[in-house]
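A.B. asks: Structure provided below as C-alpha cells; questions to follow.
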Amino acid sequence: MLEVWKKKWRASHDPKGDGRRAYIGGPDLTASGLESNEAVLPNGDSSSAGDTSSGPSKRHQETSQSDSRKRKKFSSEVSGFVESADGHEVLGIAHPIVRIIKNFYAVLDPLSRPLILAGIFEAPSFCSNVTFDSLVLEATLLCKIYGLTAETRTKCLAQSYLVQETIVSYDTPHSSPITPLVRQLRSLSSTDPCHTLPQLGSCAADLVWRRGSEQIHLLSSEVRQLLQGCKITSPNIDITSSGFNITPKVLKLVQILKSCQDLGDGFRGVIFVHRRIVAYILEQLLSMLDSELGFLRVCVLDDVLTHLKDGFYNLLLATKSIEDLDIPKVSVIIQFDLFDSQLSHAHVLSHSGSEGHLITMVERGNRAHSAIVSHLSSSNTRAWMNVLCRTSQSSIARKIPYTNGDPYLSDSEQESEHSSIKDPTTGSRLYPQDAMNAMHILTVDDGKSGDEESLYNPMFEFNIQDDGRFVCRVKAAGQFQSVQQSWSTPSSTKAGARRLASYYACAHLYERGLLDCRVFPKNWTIPPDSDTLPALDPIVVGTRIYGKKLPTFWSNSALFSLGSLNRLYPVIISIESGANTIPLHAPLLLLTRQPLPDVPMFNVFFAGLPTRISLTRAEPLMVNEHQLQDIHSYNNQLWRGVLNKPYSAALNETFALYAPLHSSWRSDILDVSSHISWDLMSAAVENWIVPLDYDSLEALMIDTEDALIQDRWTQYTRRYDAVNIRLDLSPLSKPRDPELQEYENLVEFCKAHRRGFEGLKDYTQPLLEVSLFPSFIDRLNPAAAPFTPSTSQHKYLIPELCAKVTIPASTFRTALLLPCIMRRLDDFLLVKELNAGLLSHCVSEGLLHAAISAPSAGIEYDYERLELLGDAFLKLLSSIYIFVMQAIIANKSLLRNAVAVGLPAFIQSRPFSFKGWHPPGISSRNTNEDFTNIKANIALDDDHLSSASEIKSETGSTAADREQSPRKTRTRSQPVQRLGDKALADVVEAIMGAALLSGGTDVALKAAKALNLPLPGIEEWSDFGQRVEKVFEPVLVQIPSSTVKAVEAVIGCQFERPQFLVQALTHISKTGVHSTTYERLEFIGDAILDFMVVRHVFHRHHKMSPGLLSLLKGAMVSNAALAAVCVTSGLHQHLLFESDKLAHDIREYEYLLRRAQTEEYTSAEKEGRPAGQFWHNIESPKVLSDLLESILGALYVSDKYSPVGSDAFFDKVFKPFYDRHITLQTLSHHPTKILFELLQRKGCEKFSLVKESNEYLVLVHDVILASTQDEVGISGAKVASSIGLYALEGDPGFLARTCDCWKKTK
C-alpha cells in the first residue's frame, strides 16, 4: 500500500523524474481565486504555482484553450468579489460593490429591494464550465446568474475537493513487554504510568515519566530517586527484534513519514491525534529516530503555526482542538487517530493543499474503524463537506452532519469553566473549539425545495476592520431563522473570528434558553463501584439496593447564585381544562436559574380521565432584587398552602420559583414580563387570608368568584370551593347538613363550637354554599381513586365568619398539581441525561421514558410492551450472531453490563409519594455518589394563629427573626430503590425495543452496544452481511428453475441467491446431503419469525397489554398454526425429502386440515363471527413449520441479513392469515376464560358473567362491560365474552376508572 501511494505521489509531484518538485494544479485554481498555493523547489526558492513550467495536467489537456480563457476572464472578475479558498484574500470583503450590497441592499426587507440587472456577456458554453466561485458570487451579491441551471449549480456544489484520500492499515498491537522502569514504578505506586502503552508501546511509558519529571517534587522520595537515576529506553523499530518496543501503529506511521522524505523541503505535514499527551510523546519518539527521520522538524499544537508555513517546522502534531483554525495548507495530512465526525473530517480536508494527500490509519480487521470510514465517506453530505473545504464562509447544511458526539478532549484541553458553556440538563460543556460544529447542527435548513436546493448558502459572514482584523457573525438559519446574531470581537484570522462568532452565537442562544442539549459533546461518567453487583437484599428476597439518580439540572442550578439583577428562565404551566370536565386551572409560571430543555406534553388524571399539561418555554425574564424577593416570599406562602404545614426555604436553597400570571395573558404570548400578577403576589405575601366582603350581595358575589374559602382563621386547615350564594338561607335557618340537625340554626351551632363567639353583625346575610376543596392527589396514576369528601358533598357557611385565601382557587388548583408536574419534569430530565450520555440521542425520549418505567411506578405507561419487543429483537440478534460468528451472547451478562454503565440509577420503579417529596432545593442536590448523605435545614413554625391579622408571610420577617426561629436539622439520604435482577434485564430489553421503534435495527444495535452487550466484530447491522458466504457449505442438490419461480410466486419476492432456497427446501431424509439441509436456516428463521410476529401484534394492537400480546404471539408461532399456513399457502408441495412415512403424514394432515377449514368457515358464517383456529385439534408434522421458518431464514441470509425479502414474505403469506384467524376473539380457548384471565392479571377481583332473562351480561364492579341476547344455536355467554374483549381492547382505561381492587393490594 505504501509503495503504491509513494508512486502516485512521485508521479504527481515530479512528472519529469528529475527530482525537482513541480506544482500540478488541475483546474486553474489560482486564476479562479480558489487557491494561492506556492510551489517550493528543493533549493528553497519559491515561485508562483501559476508560473511553473511542469506542463499542463491531464484535465487541462482535455479543456480547449478557448474555454479556458473564457473561464479565466470570468474568474478573474469574480475573484474581486469573493474570498479565496485559503482564507487570506481580503479583497472580497473590502470591495466597494460588496460593501454597498452588504450595507445598503441586504439590510432591506427582501420584498423592498429594488431589482438590479447586470451583465457579463459570454459564449453559451460558459454556463457548462462555471466554478464554485460563481455560486459564491450569487450568495455575496444576493443575486442569480441567468443561464445557470439547477443541475449546473448542483455539479458545482458536488465538485470534489482535490485531495487524494488513502487508507493505510496497521496490525493489531500485541501485548507489549513492560519496561524495567515501569515494573519498578508499579512496585512503588499504585498509579499506572502506562496509559499510552496500548497505542504507542512500552517505550512510550518511559517517556511519559520523563516528561512528567518537571513535577517530580510532587512524587514520593522513592519514585523521585528512581526517576533521577533511570535510563530511558530508546525506540526499537525492528519488528523482528525481541527488543521491539513500539506498536505496529507507530511503526506504520514511521514508514509513512519515511516515504515523505523524497519531497524534500517542500514537505509540510500535520498528524492529528486524540490526546495531547500522545502528541507530545510522539514528538519525542520521532525526534529519537533521527537516523530514520532526520529530515523532520516537528512541533506540537497551535503555538507555532506561522513557523510551519515559513518552513522552520515541517511537521505539526495536533489534536481536534485546532482543526477549525488557520493551519497553513500542507501536502500531507495523517489521521493517526480516527475522529468519528463528518464535521471533523471536513475540517481536516480543508487543510490540504491542492493535490495534497490525506492518509487515514485504520486497524486491520477492526469493524469499528471500518464503520467510521463508512460514515465519513457517506454520499449524503459529501457535497456539503466539499464546500467546507473551499471557503471559510462554510455552508448551511440541509441534513444534520454525522457526529458521534465524542469531544475527544485531551488531559490538558479541559479549558477553564469561564471559557465554556455548561448544559444544565446533562452537565456537558461546550468549549470554543466545539462551537462551530454546534452551529452547523443548529443551522441545518432542510426546508429548501426545487432550485433553492442547488444554491450555495454561506453560513458565516465576514467583515474587515480598519486595522485589518476580521469580525464574523453567523447567518440566522434553520430553527433560529428569527434570531439575529451580532458581530464577533476582532481576530487576526478569519478562522479565529469564525470560532468566536460561533461561540458567541451559542452563548446568545443559551441566554435565550434556545441552546439544545443535542449540540453539546457527549458527557457520560461511569458511576463508582459499577464493576460489581450489589449484594442481594436480605429484607426483600430477590432484589438488590441501587442508588437512584437525581436530575443533574438542579445540582447545576445550585452553582448559579442570584444577585441584584437576575435573568430567570420562565416556563408556562398550562392545564387543558377540556369541555368543562375539570374545574378551571390557572396558568402558572415556573422560574428557574438556568433554561430548562423542551419537554413534551403529558397527562394527569382526574377520575381516570386524562388531562393534558403543557410546559412552554417563554422569553427570559429580568428581575431586580426586590421583585426576586417578592417571588421568593410568594413561593414560601404557596408551598405552605400546598403542603398544609409550615414551610420555609432560603432563596439560595430554592431552585424552582413560581409566579401567577395575569388574566390578560394568552397562550400565544411568550414574553411574560408584563403579564406577571405582582398584585396577587403582594397580597399573598402580606396576608394568607382576608375577611370576605359581605356588605352587599354584589360585593359577596365578586369576592367569592374563583375564591378559596376557609371557616377557620388559621393557615393550616380545611378549605372550600365557593359553589353558590343561597339567598333562601340565613344564619337563622335550619341547618341543611345532616350532622347538624340537632341544632336549631347555625348560630346555635357556632355558640356551641366556636370559642369566643359573641354573635353576628348581620343575622339576615345569605349563606355561602361550599364544597370541600381537595388536598393533594397523585394525578400521575390513572388508577388513583378520585377525591370523595368523607361527609356530605356541600356545606353551608356564614360569610361573616369566613375568610378568603389571597391565592385564587384556580391558581391553587394548579399549585396542587405542582408535585406531580415537578416529578414528571424530573423524569424527563433524567431521560434526556440517559439519552444524551449513554445512547447518543438515538432513542425517542417518549419511548425511552416508558422503557425505564417499571409497572410498580404506577404511571400511565411502563416497559412491559417494549420489553416484549426488545426480547424478540434480542433473540433475533443473538441467533444471527451465533449463526454468523459462531459465538454465543450470554444473556446473563445483561444484568452485569447494565449495572456497569450505571443504568439502575435512572430506572423509575417507585410510585410517586407526596409524603416523601419536597420542592427542588438544597436537599435535592445530586452528589453523584451512591448513598451519600446531605443535610438540609428546614425551618419549622408550630405556632397556631388565631386571627387574620396574625397570618402573615413567614418570609416577611427579617433575617435576624429567621435565624432566631426554631430550626431542626434533618438528614436526607440520596434516594434508593430495590430492583430485581429480572426487572433490570427487562429494562435493558425495553430500551432495545424503544431503540428499534426509534430507528430500526441499526439504532437497536447501537443501543445494545451502548448497554455493553458483547458483540465483538459487529458495529453495524450490515456487518453481518459481509460474512454470508463464509457460513455455508456448497449446495449439492439441484432443483428446476420452475420450482424456484413457483416458491417466489407464493412468497412475493425473489431470491438473490437461489442456493439458499435449495437448502431451505431440503429435508434431512434426502440422501447424501446431510450438510446442506434446512436445519441451520430453520434455527435463524425461528428467531426472525418470532421477531416479526411480536412486531406485528405490537403495531396491530397499540394499547393491548403485554399478557394479551404474548397470548396472541404464542398462538401465531405455534407449530400447529405454522403448519396450517404452510399447507394453505401451498409451500409444502416443494419440500425435498425421501421418506414414505413423511409423505403419508403430510397427505393425511392436508386432508384433515382442508375438511376442518370448510367446517369452520361454514359455522363462522352461520354464527356471524370471524373464522377461528380450525387447525387446533389436528396433529401436524413438525416438518411443515420447520419448512416455513427455513424459507424465512433463507430469504434473510440471501438478502445479506436485510429484512426486505422476509418482510415481503410475511406481509403476503403470514399477515393475512393471522389477521383473519388469530385475534383475541378467535383464539381456540373459550373467550370467557380469556376474559376472566385478563381481568385477574389486571388485579381485578370483582367480575362476573350473569344471565338475566334472555340476556347475558359481563359485569365488572357492577358496571356492564358487555351484553348480548341469547339466540338459538349460538352461545350467548361466548358472544358476550367476545364483546367484552373487544370493549377492553378499545377502551384500555375502563379498568382504571371502574376497578379499585388496587387499594386492597396496596
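Lettering and numbering for the C-alpha cells are positional, with chains as A, B, ... in the shown order, residues counted from 1 in each chain, and ligands counted from 1 in the shown order.
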Among segment 347-394 of chain A, which ones does DSSP assign to helix (DSSP H, G or I) (computed from the backbone)? Answer as an MDAnalysis selection string.

C.D. replies: chainID A and resid 347:350 367:376 382:390

A.B. asks: What is the atom CA of Val278 of chain A to atom CA of Arg183 of chain A distance in Å?

C.D. replies: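 These two atoms are separated by 21.2 Å.
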
A.B. asks: Atom CA of Ser420 of chain A to atom CA of Thr443 of chain A: how many Å, to one decimal?

C.D. replies: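 Interatomic distance, atom CA of Ser420 of chain A to atom CA of Thr443 of chain A: 20.2 Å.
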
A.B. asks: Counting only C-alpha atoms, which residue out of A:Leu609, A:Leu509, A:Leu590, A:Ile807 sits closest to Leu680 of chain A?

C.D. replies: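 Looking at the shortest contact to Leu680 of chain A, the residue is A:Ile807.
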
A.B. asks: As a compact mmCIF listing (two decimals) with all heavy atoms, in the first residue's frame, which residues of segment 329-369 of chain A does DSSP assign to strand (DSSP E or B)?

C.D. replies:
# COMPACT_ATOMS: atom_id res chain seq x y z
N VAL A 330 -1.04 22.23 3.74
CA VAL A 330 0.04 21.26 3.81
C VAL A 330 -0.12 20.23 2.70
O VAL A 330 -1.17 20.12 2.06
CB VAL A 330 0.06 20.54 5.19
CG1 VAL A 330 0.33 21.53 6.30
CG2 VAL A 330 -1.25 19.80 5.43
N SER A 331 0.93 19.49 2.48
CA SER A 331 0.91 18.50 1.41
C SER A 331 0.48 17.13 1.91
O SER A 331 -0.02 16.31 1.13
CB SER A 331 2.30 18.38 0.77
OG SER A 331 3.31 18.26 1.77
N VAL A 332 0.65 16.84 3.20
CA VAL A 332 0.28 15.54 3.75
C VAL A 332 -0.43 15.74 5.08
O VAL A 332 0.06 16.46 5.95
CB VAL A 332 1.52 14.64 3.96
CG1 VAL A 332 1.09 13.26 4.47
CG2 VAL A 332 2.32 14.50 2.69
N ILE A 333 -1.58 15.10 5.21
CA ILE A 333 -2.29 15.06 6.48
C ILE A 333 -2.45 13.60 6.87
O ILE A 333 -2.89 12.78 6.07
CB ILE A 333 -3.68 15.72 6.39
CG1 ILE A 333 -3.54 17.20 6.00
CG2 ILE A 333 -4.44 15.60 7.71
CD1 ILE A 333 -4.87 17.88 5.76
N ILE A 334 -2.07 13.29 8.10
CA ILE A 334 -2.16 11.91 8.58
C ILE A 334 -3.11 11.88 9.78
O ILE A 334 -2.89 12.61 10.76
CB ILE A 334 -0.78 11.37 8.99
CG1 ILE A 334 0.20 11.43 7.81
CG2 ILE A 334 -0.90 9.94 9.52
CD1 ILE A 334 1.62 11.06 8.19
N GLN A 335 -4.16 11.11 9.66
CA GLN A 335 -5.07 10.90 10.79
C GLN A 335 -4.57 9.68 11.57
O GLN A 335 -4.93 8.55 11.25
CB GLN A 335 -6.50 10.71 10.31
CG GLN A 335 -7.10 11.96 9.69
CD GLN A 335 -8.60 11.85 9.51
OE1 GLN A 335 -9.38 12.32 10.31
NE2 GLN A 335 -9.00 11.23 8.40
N SER A 341 -16.60 11.81 12.97
CA SER A 341 -17.40 13.02 12.76
C SER A 341 -17.16 13.55 11.36
O SER A 341 -16.02 13.76 10.95
CB SER A 341 -17.02 14.09 13.80
OG SER A 341 -17.54 15.36 13.45
N SER A 352 -5.58 20.65 3.52
CA SER A 352 -4.72 20.10 2.49
C SER A 352 -4.63 21.04 1.31
O SER A 352 -5.64 21.62 0.89
CB SER A 352 -5.26 18.73 2.04
OG SER A 352 -4.53 18.26 0.94
N GLY A 353 -3.46 21.18 0.79
CA GLY A 353 -3.30 21.95 -0.43
C GLY A 353 -3.86 21.18 -1.61
O GLY A 353 -4.18 19.99 -1.54
N SER A 354 -3.96 21.86 -2.73
CA SER A 354 -4.45 21.21 -3.94
C SER A 354 -3.54 20.04 -4.30
O SER A 354 -2.32 20.15 -4.23
CB SER A 354 -4.51 22.22 -5.08
OG SER A 354 -4.95 21.59 -6.26
N GLU A 355 -4.15 18.93 -4.66
CA GLU A 355 -3.43 17.69 -4.99
C GLU A 355 -2.67 17.15 -3.77
O GLU A 355 -1.71 16.40 -3.91
CB GLU A 355 -2.44 17.93 -6.15
CG GLU A 355 -3.10 18.38 -7.43
CD GLU A 355 -3.93 17.27 -8.06
OE1 GLU A 355 -3.71 16.09 -7.73
OE2 GLU A 355 -4.80 17.58 -8.88
N GLY A 356 -3.11 17.55 -2.57
CA GLY A 356 -2.49 17.02 -1.37
C GLY A 356 -3.00 15.62 -1.06
O GLY A 356 -3.80 15.04 -1.80
N HIS A 357 -2.52 15.08 0.05
CA HIS A 357 -2.86 13.71 0.42
C HIS A 357 -3.38 13.67 1.85
O HIS A 357 -2.81 14.29 2.74
CB HIS A 357 -1.63 12.80 0.29
CG HIS A 357 -1.20 12.56 -1.12
ND1 HIS A 357 -1.44 11.40 -1.80
CD2 HIS A 357 -0.54 13.37 -1.98
CE1 HIS A 357 -0.95 11.49 -3.02
NE2 HIS A 357 -0.39 12.68 -3.15
N LEU A 358 -4.46 12.93 2.02
CA LEU A 358 -5.00 12.64 3.35
C LEU A 358 -4.85 11.15 3.58
O LEU A 358 -5.43 10.33 2.86
CB LEU A 358 -6.46 13.06 3.46
CG LEU A 358 -7.18 12.61 4.74
CD1 LEU A 358 -6.53 13.25 5.96
CD2 LEU A 358 -8.66 12.96 4.67
N ILE A 359 -4.08 10.78 4.60
CA ILE A 359 -3.82 9.38 4.91
C ILE A 359 -4.52 9.05 6.22
O ILE A 359 -4.26 9.68 7.25
CB ILE A 359 -2.31 9.09 5.03
CG1 ILE A 359 -1.60 9.49 3.73
CG2 ILE A 359 -2.05 7.64 5.38
CD1 ILE A 359 -0.10 9.41 3.81
N THR A 360 -5.43 8.09 6.15
CA THR A 360 -6.18 7.68 7.32
C THR A 360 -5.68 6.32 7.78
O THR A 360 -5.65 5.37 6.99
CB THR A 360 -7.68 7.60 7.00
OG1 THR A 360 -8.14 8.88 6.55
CG2 THR A 360 -8.48 7.18 8.22
N MET A 361 -5.30 6.23 9.03
CA MET A 361 -4.76 4.98 9.57
C MET A 361 -5.87 4.21 10.28
O MET A 361 -6.54 4.75 11.17
CB MET A 361 -3.61 5.27 10.54
CG MET A 361 -2.44 6.00 9.89
SD MET A 361 -1.07 6.31 11.04
CE MET A 361 -0.56 4.62 11.41
N VAL A 362 -6.07 2.96 9.88
CA VAL A 362 -7.10 2.11 10.48
C VAL A 362 -6.48 0.78 10.88
O VAL A 362 -5.54 0.30 10.24
CB VAL A 362 -8.28 1.88 9.52
CG1 VAL A 362 -8.95 3.19 9.15
CG2 VAL A 362 -7.84 1.15 8.27
N GLU A 363 -7.02 0.20 11.91
CA GLU A 363 -6.53 -1.09 12.38
C GLU A 363 -7.11 -2.20 11.51
O GLU A 363 -8.32 -2.23 11.25
CB GLU A 363 -6.92 -1.31 13.83
CG GLU A 363 -6.37 -2.58 14.45
CD GLU A 363 -6.74 -2.70 15.91
OE1 GLU A 363 -7.84 -3.23 16.20
OE2 GLU A 363 -5.96 -2.25 16.76

A.B. asks: Between atom CA of Val373 of chain A and atom CA of His351 of chain A, what is the distance, to one decimal in Å?

C.D. replies: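 Here the two named atoms are 18.9 Å from each other.
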
A.B. asks: For a quick check of understanding, using only C-alpha atoms, which of A:His794, A:Lys1200, A:His508, A:Lys231 has the smallest distance to Asp1023 of chain A?

C.D. replies: A:Lys1200

A.B. asks: So, counting only C-alpha atoms, which residue among A:Met822, A:Leu1015, A:Leu979, A:Val250 is closest to Ile882 of chain A?

C.D. replies: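 Checking each of A:Met822, A:Leu1015, A:Leu979, A:Val250 against Ile882 of chain A, counting only C-alpha atoms, the winner is A:Leu1015.
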
A.B. asks: Show me, as a PyMOL selection string, the residues that have an atom within 7 Å of segment 541-549 of chain A when counting only C-alpha atoms, minus same-chain residues fewer than 5 positions from it.

C.D. replies: chain A and resi 534-536+904-906+930-931+975-981

A.B. asks: Can you tell me which residues surround Glu1138 of chain A at a distance of at most 9 Å, considering only C-alpha atoms, apart from same-chain residues fewer than 6 positions away, and format the answer as a count of residues only?

C.D. replies: 5

A.B. asks: Pick from A:Val168, A:Ala752, A:Ala857, A:Leu876: nearest to Arg910 of chain A, with only C-alpha atoms counted?

C.D. replies: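 Smallest distance to Arg910 of chain A is found for A:Ala857.
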
A.B. asks: For segment 462-472 of chain A, work out the shell of residues within 6 Å, counting only C-alpha atoms and skipping chain neighbours fewer than 5 positions away, then give it as a ChimeraX atom specification.

C.D. replies: /A:93,487-488,490-492,494,497-498,501

A.B. asks: Keeping only C-alpha atoms, write the selected residues as a PDB file, in the first residue's frame.

C.D. replies:
ATOM      1  CA  ILE A  93     -14.741  41.802   1.863  1.00  0.00           C
ATOM      2  CA  TRP A 487     -20.562  40.532  15.133  1.00  0.00           C
ATOM      3  CA  SER A 488     -17.729  38.821  16.958  1.00  0.00           C
ATOM      4  CA  PRO A 490     -11.951  41.180  16.100  1.00  0.00           C
ATOM      5  CA  SER A 491      -9.456  38.430  15.313  1.00  0.00           C
ATOM      6  CA  SER A 492      -6.307  38.413  13.247  1.00  0.00           C
ATOM      7  CA  LYS A 494     -10.879  34.526   9.629  1.00  0.00           C
ATOM      8  CA  ALA A 497     -13.215  35.276  14.061  1.00  0.00           C
ATOM      9  CA  ARG A 498     -15.379  32.382  12.881  1.00  0.00           C
ATOM     10  CA  ALA A 501     -18.728  34.168  16.236  1.00  0.00           C
TER      11      ALA A 501
END

A.B. asks: Near Ser1248 of chain A, counting only C-alpha atoms, which residues have an atom at most 9 Å away, once you skip same-chain residues fewer than 2 positions from it, shown as a tab-separated table (two decimals) with N, CA and C atoms, in the first residue's frame?

C.D. replies:
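Wrote part-v9.tsv, looks like this:
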chain	number	residue	atom	x	y	z
A	1236	PHE	N	-61.72	-13.60	31.71
A	1236	PHE	CA	-61.53	-13.67	33.15
A	1236	PHE	C	-60.04	-13.70	33.51
A	1246	LYS	N	-63.48	-8.44	41.22
A	1246	LYS	CA	-64.94	-8.41	41.25
A	1246	LYS	C	-65.47	-8.32	39.83
A	1250	VAL	N	-73.31	-13.03	34.09
A	1250	VAL	CA	-74.64	-13.40	34.61
A	1250	VAL	C	-75.65	-13.41	33.48
A	1257	LEU	N	-74.86	-10.76	30.61
A	1257	LEU	CA	-74.18	-9.52	30.98
A	1257	LEU	C	-72.80	-9.84	31.55
A	1258	VAL	N	-71.80	-9.08	31.10
A	1258	VAL	CA	-70.47	-9.13	31.71
A	1258	VAL	C	-70.36	-7.92	32.63
A	1259	LEU	N	-70.23	-8.19	33.94
A	1259	LEU	CA	-70.21	-7.13	34.94
A	1259	LEU	C	-68.83	-7.03	35.57
A	1260	VAL	N	-68.35	-5.81	35.70
A	1260	VAL	CA	-67.10	-5.52	36.40
A	1260	VAL	C	-67.41	-4.46	37.44
A	1261	HIS	N	-67.35	-4.86	38.70
A	1261	HIS	CA	-67.74	-3.96	39.80
A	1261	HIS	C	-69.15	-3.40	39.56
A	1262	ASP	N	-70.02	-4.29	39.13
A	1262	ASP	CA	-71.44	-3.98	38.89
A	1262	ASP	C	-71.66	-3.02	37.73

A.B. asks: Got a sec: who's within 8 Å of segment 596-607 of chain A, counting only C-alpha atoms, leaving out chain neighbours fewer than 4 positions off, as a PyMOL selection string?

C.D. replies: chain A and resi 424-425+513+516-517+569+571+582+592+611-617+779-782+784-787+825+828+1297
